[in-house]
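Participant: Provided below: coords_17.pdb, containing PDB, C-alpha atoms, pLDDT in the B column.
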ATOM      1  CA  MET A   1      92.833  52.610-126.356  1.00 63.00           C
ATOM      2  CA  LYS A   2      89.196  53.650-125.979  1.00 66.00           C
ATOM      3  CA  ARG A   3      89.691  54.036-122.237  1.00 67.00           C
ATOM      4  CA  LEU A   4      92.672  56.324-122.881  1.00 60.00           C
ATOM      5  CA  LEU A   5      90.562  58.425-125.251  1.00 58.00           C
ATOM      6  CA  ILE A   6      87.778  58.720-122.690  1.00 67.00           C
ATOM      7  CA  ILE A   7      90.251  59.728-119.989  1.00 67.00           C
ATOM      8  CA  TRP A   8      91.836  62.248-122.343  1.00 60.00           C
ATOM      9  CA  MET A   9      88.412  63.756-123.184  1.00 63.00           C
ATOM     10  CA  LEU A  10      87.513  63.979-119.510  1.00 63.00           C
ATOM     11  CA  ILE A  11      90.796  65.694-118.775  1.00 68.00           C
ATOM     12  CA  MET A  12      90.274  68.146-121.605  1.00 66.00           C
ATOM     13  CA  ASN A  13      86.708  68.858-120.477  1.00 65.00           C
ATOM     14  CA  MET A  14      87.895  69.384-116.908  1.00 63.00           C
ATOM     15  CA  GLY A  15      90.563  71.733-118.210  1.00 60.00           C
ATOM     16  CA  VAL A  16      87.873  73.757-119.976  1.00 58.00           C
ATOM     17  CA  MET A  17      85.710  73.742-116.838  1.00 57.00           C
ATOM     18  CA  THR A  18      88.691  74.822-114.736  1.00 53.00           C
ATOM     19  CA  MET A  19      89.366  77.668-117.138  1.00 51.00           C
ATOM     20  CA  GLN A  20      85.736  78.786-116.877  1.00 53.00           C
ATOM     21  CA  ALA A  21      85.657  78.469-113.081  1.00 51.00           C
ATOM     22  CA  ASN A  22      88.995  80.204-112.594  1.00 50.00           C
ATOM     23  CA  PRO A  23      89.190  83.483-114.537  1.00 58.00           C
ATOM     24  CA  LYS A  24      92.870  83.736-113.584  1.00 73.00           C
ATOM     25  CA  PHE A  25      93.771  80.742-115.757  1.00 70.00           C
ATOM     26  CA  ASP A  26      96.838  81.536-117.808  1.00 80.00           C
ATOM     27  CA  PRO A  27      97.238  79.158-120.768  1.00 83.00           C
ATOM     28  CA  GLU A  28     100.852  80.196-121.328  1.00 87.00           C
ATOM     29  CA  ARG A  29     101.704  79.382-117.712  1.00 88.00           C
ATOM     30  CA  TYR A  30      99.789  76.116-117.919  1.00 87.00           C
ATOM     31  CA  ASN A  31     101.660  75.079-121.073  1.00 90.00           C
ATOM     32  CA  ALA A  32     105.006  76.088-119.558  1.00 92.00           C
ATOM     33  CA  GLU A  33     104.267  74.003-116.439  1.00 92.00           C
ATOM     34  CA  LEU A  34     103.191  71.067-118.603  1.00 94.00           C
ATOM     35  CA  GLN A  35     106.362  71.317-120.671  1.00 94.00           C
ATOM     36  CA  GLN A  36     108.582  71.510-117.583  1.00 95.00           C
ATOM     37  CA  PHE A  37     106.793  68.590-115.964  1.00 95.00           C
ATOM     38  CA  ILE A  38     107.057  66.395-119.065  1.00 96.00           C
ATOM     39  CA  THR A  39     110.710  67.339-119.583  1.00 96.00           C
ATOM     40  CA  ARG A  40     111.535  66.425-115.987  1.00 96.00           C
ATOM     41  CA  GLU A  41     109.424  63.259-115.734  1.00 95.00           C
ATOM     42  CA  ALA A  42     110.529  61.858-119.106  1.00 95.00           C
ATOM     43  CA  ALA A  43     114.131  63.019-118.631  1.00 95.00           C
ATOM     44  CA  LEU A  44     114.216  64.773-121.992  1.00 95.00           C
ATOM     45  CA  SER A  45     117.497  66.416-122.913  1.00 95.00           C
ATOM     46  CA  PRO A  46     117.358  70.055-124.057  1.00 94.00           C
ATOM     47  CA  GLN A  47     117.938  68.867-127.627  1.00 95.00           C
ATOM     48  CA  GLU A  48     115.117  66.317-127.419  1.00 95.00           C
ATOM     49  CA  ALA A  49     112.772  68.861-125.860  1.00 95.00           C
ATOM     50  CA  ALA A  50     113.594  71.413-128.569  1.00 95.00           C
ATOM     51  CA  LYS A  51     112.595  68.899-131.269  1.00 96.00           C
ATOM     52  CA  PHE A  52     109.659  67.345-129.421  1.00 96.00           C
ATOM     53  CA  PHE A  53     107.629  70.260-128.045  1.00 96.00           C
ATOM     54  CA  PRO A  54     106.915  72.112-131.299  1.00 96.00           C
ATOM     55  CA  LEU A  55     105.341  68.890-132.612  1.00 96.00           C
ATOM     56  CA  PHE A  56     103.551  68.349-129.301  1.00 96.00           C
ATOM     57  CA  ARG A  57     102.018  71.857-129.358  1.00 95.00           C
ATOM     58  CA  GLU A  58     100.999  71.365-132.992  1.00 96.00           C
ATOM     59  CA  MET A  59      99.196  68.141-132.055  1.00 96.00           C
ATOM     60  CA  GLN A  60      97.482  69.778-129.088  1.00 94.00           C
ATOM     61  CA  THR A  61      96.196  72.626-131.265  1.00 94.00           C
ATOM     62  CA  LYS A  62      94.706  70.183-133.764  1.00 96.00           C
ATOM     63  CA  GLN A  63      93.229  68.031-130.976  1.00 95.00           C
ATOM     64  CA  ARG A  64      91.686  71.060-129.323  1.00 93.00           C
ATOM     65  CA  ALA A  65      89.874  71.936-132.563  1.00 94.00           C
ATOM     66  CA  LEU A  66      88.453  68.410-132.796  1.00 95.00           C
ATOM     67  CA  PHE A  67      87.417  68.413-129.122  1.00 93.00           C
ATOM     68  CA  GLN A  68      85.632  71.742-129.626  1.00 93.00           C
ATOM     69  CA  GLN A  69      83.707  70.321-132.574  1.00 92.00           C
ATOM     70  CA  MET A  70      82.741  67.301-130.511  1.00 91.00           C
ATOM     71  CA  HIS A  71      81.674  69.526-127.628  1.00 91.00           C
ATOM     72  CA  ARG A  72      79.295  71.404-129.940  1.00 89.00           C
ATOM     73  CA  TYR A  73      77.581  68.148-130.900  1.00 86.00           C
ATOM     74  CA  LYS A  74      77.294  66.979-127.302  1.00 85.00           C
ATOM     75  CA  ARG A  75      76.145  70.269-125.792  1.00 87.00           C
ATOM     76  CA  ILE A  76      72.530  70.201-126.925  1.00 83.00           C
ATOM     77  CA  LYS A  77      70.438  67.065-127.322  1.00 84.00           C
ATOM     78  CA  PRO A  78      68.694  66.932-130.692  1.00 86.00           C
ATOM     79  CA  THR A  79      64.914  66.729-130.649  1.00 89.00           C
ATOM     80  CA  ASP A  80      64.383  63.763-132.955  1.00 91.00           C
ATOM     81  CA  GLU A  81      65.828  60.303-133.547  1.00 93.00           C
ATOM     82  CA  LYS A  82      67.371  61.148-136.910  1.00 92.00           C
ATOM     83  CA  SER A  83      69.296  64.119-135.489  1.00 90.00           C
ATOM     84  CA  CYS A  84      70.438  62.065-132.491  1.00 91.00           C
ATOM     85  CA  ARG A  85      71.723  59.372-134.843  1.00 93.00           C
ATOM     86  CA  GLU A  86      73.585  61.972-136.936  1.00 92.00           C
ATOM     87  CA  ASN A  87      75.156  63.513-133.823  1.00 91.00           C
ATOM     88  CA  ILE A  88      76.314  60.120-132.602  1.00 92.00           C
ATOM     89  CA  LYS A  89      77.843  59.341-135.995  1.00 94.00           C
ATOM     90  CA  LYS A  90      79.587  62.721-136.142  1.00 93.00           C
ATOM     91  CA  CYS A  91      81.003  62.269-132.629  1.00 92.00           C
ATOM     92  CA  ASP A  92      82.194  58.780-133.561  1.00 94.00           C
ATOM     93  CA  GLU A  93      83.904  60.208-136.653  1.00 95.00           C
ATOM     94  CA  LEU A  94      85.573  62.874-134.520  1.00 95.00           C
ATOM     95  CA  ASP A  95      86.740  60.188-132.050  1.00 95.00           C
ATOM     96  CA  LEU A  96      88.337  58.327-134.916  1.00 96.00           C
ATOM     97  CA  GLN A  97      89.943  61.512-136.244  1.00 96.00           C
ATOM     98  CA  ILE A  98      91.409  62.195-132.804  1.00 96.00           C
ATOM     99  CA  LYS A  99      92.889  58.688-132.606  1.00 96.00           C
ATOM    100  CA  GLU A 100      94.264  58.968-136.144  1.00 97.00           C
ATOM    101  CA  LEU A 101      95.796  62.325-135.245  1.00 97.00           C
ATOM    102  CA  GLN A 102      97.400  60.818-132.145  1.00 96.00           C
ATOM    103  CA  GLN A 103      98.745  57.923-134.176  1.00 97.00           C
ATOM    104  CA  LEU A 104     100.156  60.288-136.794  1.00 97.00           C
ATOM    105  CA  TYR A 105     101.869  62.434-134.181  1.00 97.00           C
ATOM    106  CA  HIS A 106     103.127  59.465-132.180  1.00 97.00           C
ATOM    107  CA  ASN A 107     104.912  58.356-135.348  1.00 97.00           C
ATOM    108  CA  LYS A 108     106.336  61.868-135.763  1.00 97.00           C
ATOM    109  CA  PHE A 109     107.436  61.881-132.117  1.00 97.00           C
ATOM    110  CA  LEU A 110     109.220  58.560-132.606  1.00 97.00           C
ATOM    111  CA  LYS A 111     111.399  60.224-135.224  1.00 97.00           C
ATOM    112  CA  VAL A 112     112.715  62.755-132.675  1.00 96.00           C
ATOM    113  CA  ILE A 113     112.732  60.758-129.404  1.00 97.00           C
ATOM    114  CA  SER A 114     113.009  57.093-128.506  1.00 96.00           C
ATOM    115  CA  ALA A 115     109.988  54.885-127.888  1.00 97.00           C
ATOM    116  CA  SER A 116     110.821  54.574-124.183  1.00 96.00           C
ATOM    117  CA  LYS A 117     111.007  58.374-123.848  1.00 96.00           C
ATOM    118  CA  LEU A 118     107.717  58.777-125.716  1.00 97.00           C
ATOM    119  CA  TYR A 119     106.139  56.245-123.370  1.00 97.00           C
ATOM    120  CA  ASP A 120     107.431  58.310-120.422  1.00 96.00           C
ATOM    121  CA  VAL A 121     106.135  61.505-122.046  1.00 96.00           C
ATOM    122  CA  LEU A 122     102.636  60.037-122.425  1.00 95.00           C
ATOM    123  CA  LYS A 123     102.633  58.833-118.818  1.00 96.00           C
ATOM    124  CA  ALA A 124     103.921  62.226-117.618  1.00 95.00           C
ATOM    125  CA  GLU A 125     101.251  64.103-119.561  1.00 93.00           C
ATOM    126  CA  ASP A 126      98.527  61.938-118.032  1.00 93.00           C
ATOM    127  CA  LYS A 127     100.010  62.384-114.549  1.00 94.00           C
ATOM    128  CA  PHE A 128     100.206  66.162-115.000  1.00 93.00           C
ATOM    129  CA  HIS A 129      96.553  66.376-116.054  1.00 89.00           C
ATOM    130  CA  ARG A 130      95.457  64.233-113.103  1.00 91.00           C
ATOM    131  CA  GLN A 131      97.389  66.495-110.720  1.00 89.00           C
ATOM    132  CA  MET A 132      95.884  69.618-112.269  1.00 84.00           C
ATOM    133  CA  PHE A 133      92.429  68.075-111.997  1.00 80.00           C
ATOM    134  CA  SER A 134      93.033  67.313-108.319  1.00 81.00           C
ATOM    135  CA  ARG A 135      94.229  70.860-107.665  1.00 73.00           C
ATOM    136  CA  GLY A 136      91.128  72.223-109.375  1.00 67.00           C
ATOM    137  CA  ALA A 137      88.878  70.020-107.250  1.00 59.00           C
ATOM    138  CA  VAL A 138      90.572  71.273-104.082  1.00 56.00           C
ATOM    139  CA  ARG A 139      90.188  74.909-105.194  1.00 58.00           C
ATOM    140  CA  ARG A 140      86.508  74.460-106.071  1.00 56.00           C
ATOM    141  CA  ASN A 141      85.779  72.724-102.770  1.00 57.00           C
ATOM    142  CA  GLY A 142      87.576  75.476-100.878  1.00 57.00           C
ATOM    143  CA  ASN A 143      88.409  73.465 -97.772  1.00 54.00           C
ATOM    144  CA  GLY A 144      91.755  72.008 -98.775  1.00 51.00           C
ATOM    145  CA  ARG A 145      90.298  68.644 -99.674  1.00 50.00           C
ATOM    146  CA  ALA A 146      89.260  67.358-103.058  1.00 47.00           C
ATOM    147  CA  ALA A 147      85.484  67.306-103.428  1.00 48.00           C
ATOM    148  CA  GLY A 148      83.948  63.979-102.511  1.00 49.00           C
ATOM    149  CA  ARG A 149      87.030  62.621-100.747  1.00 49.00           C
ATOM    150  CA  PRO A 150      86.539  61.505 -97.157  1.00 48.00           C
ATOM    151  CA  ARG A 151      88.651  62.885 -94.363  1.00 45.00           C
ATOM    152  CA  ASN A 152      91.270  60.589 -92.912  1.00 42.00           C
TER     153      ASN A 152
END
Show me, as structure tokens, the structure contained in the file I just sent.
Facilitator:
Amino acid sequence: MKRLLIIWMLIMNMGVMTMQANPKFDPERYNAELQQFITREAALSPQEAAKFFPLFREMQTKQRALFQQMHRYKRIKPTDEKSCRENIKKCDELDLQIKELQQLYHNKFLKVISASKLYDVLKAEDKFHRQMFSRGAVRRNGNGRAAGRPRN
């Protein structure tokens, strides 16, 4: 679970970095691509998608707010031990809030789609973010290869 949270935070941070590096980033297009990808990969029916995605977007908005708060605490290192300790505790609290939010929304999702479809949705979302991350690495490197990957 902790590994999933770390991966999710890395993906979100990379998404923010990609947005900053690419001024042409269009969040509406990104969300539409994500929705299409999830719908296709998880084989959601139009009815399921119509019930699921409003909840999904609601969760993402709330998660984004928590990630932004966490980012503020991690951006600048405090100058003393007491402040460092407080920052660590606040980040830990935010981590827990994020997991609680995910748990709450997973339960809401289970009311509109089956557990197997939700499992497929979660896998599809992770796969989409990994693909977007790879595309961003290729764009930043500029030579058609992801940065740091050896040639075959």
Participant: Check which residues satisfy the PyMOL selection byres ((chain A and resi 42) around 7) in the file shown, then give them as a PyMOL selection string.
Facilitator: chain A and resi 38-41+43-44+117+120-121+124
Participant: Show me, as a list in words, the residues that have an atom within 7 Å of stretch 65-76 of chain A when counting only C-alpha atoms, minus same-chain residues fewer than 2 positions from it.
Facilitator: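 Using only C-alpha atoms, the neighbours found are Thr61, Lys62, Gln63, Pro78, Asn87, Cys91, Leu94 and Ile98 of chain A.
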Participant: Can you work out the spacing between atom CA of A:Asn107 and atom CA of A:Phe133 in Å, to one decimal?
Facilitator: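 Answer for the atom CA of A:Asn107 to atom CA of A:Phe133 separation: 28.2 Å.
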Participant: Using all atoms listed in the file, which residues sit within 9 Å of stretch 49-59 of chain A once same-chain residues fewer than 5 positions away are excluded, as a list in words?
Facilitator: Asn31, Gln35, Thr39, Leu44, Arg64, Leu101, Gln102, Tyr105, Lys108, Phe109, Val112 and Ile113 of chain A
Participant: Could you tell me how far atom CA of A:Thr79 sits from atom CA of A:Glu93, in Å to one decimal place?
Facilitator: 21.0 Å
Participant: Quick one: pull the distance between atom CA of A:Phe37 and atom CA of A:Phe128, Å, one decimal.
Facilitator: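 Going from atom CA of A:Phe37 over to atom CA of A:Phe128 covers 7.1 Å.
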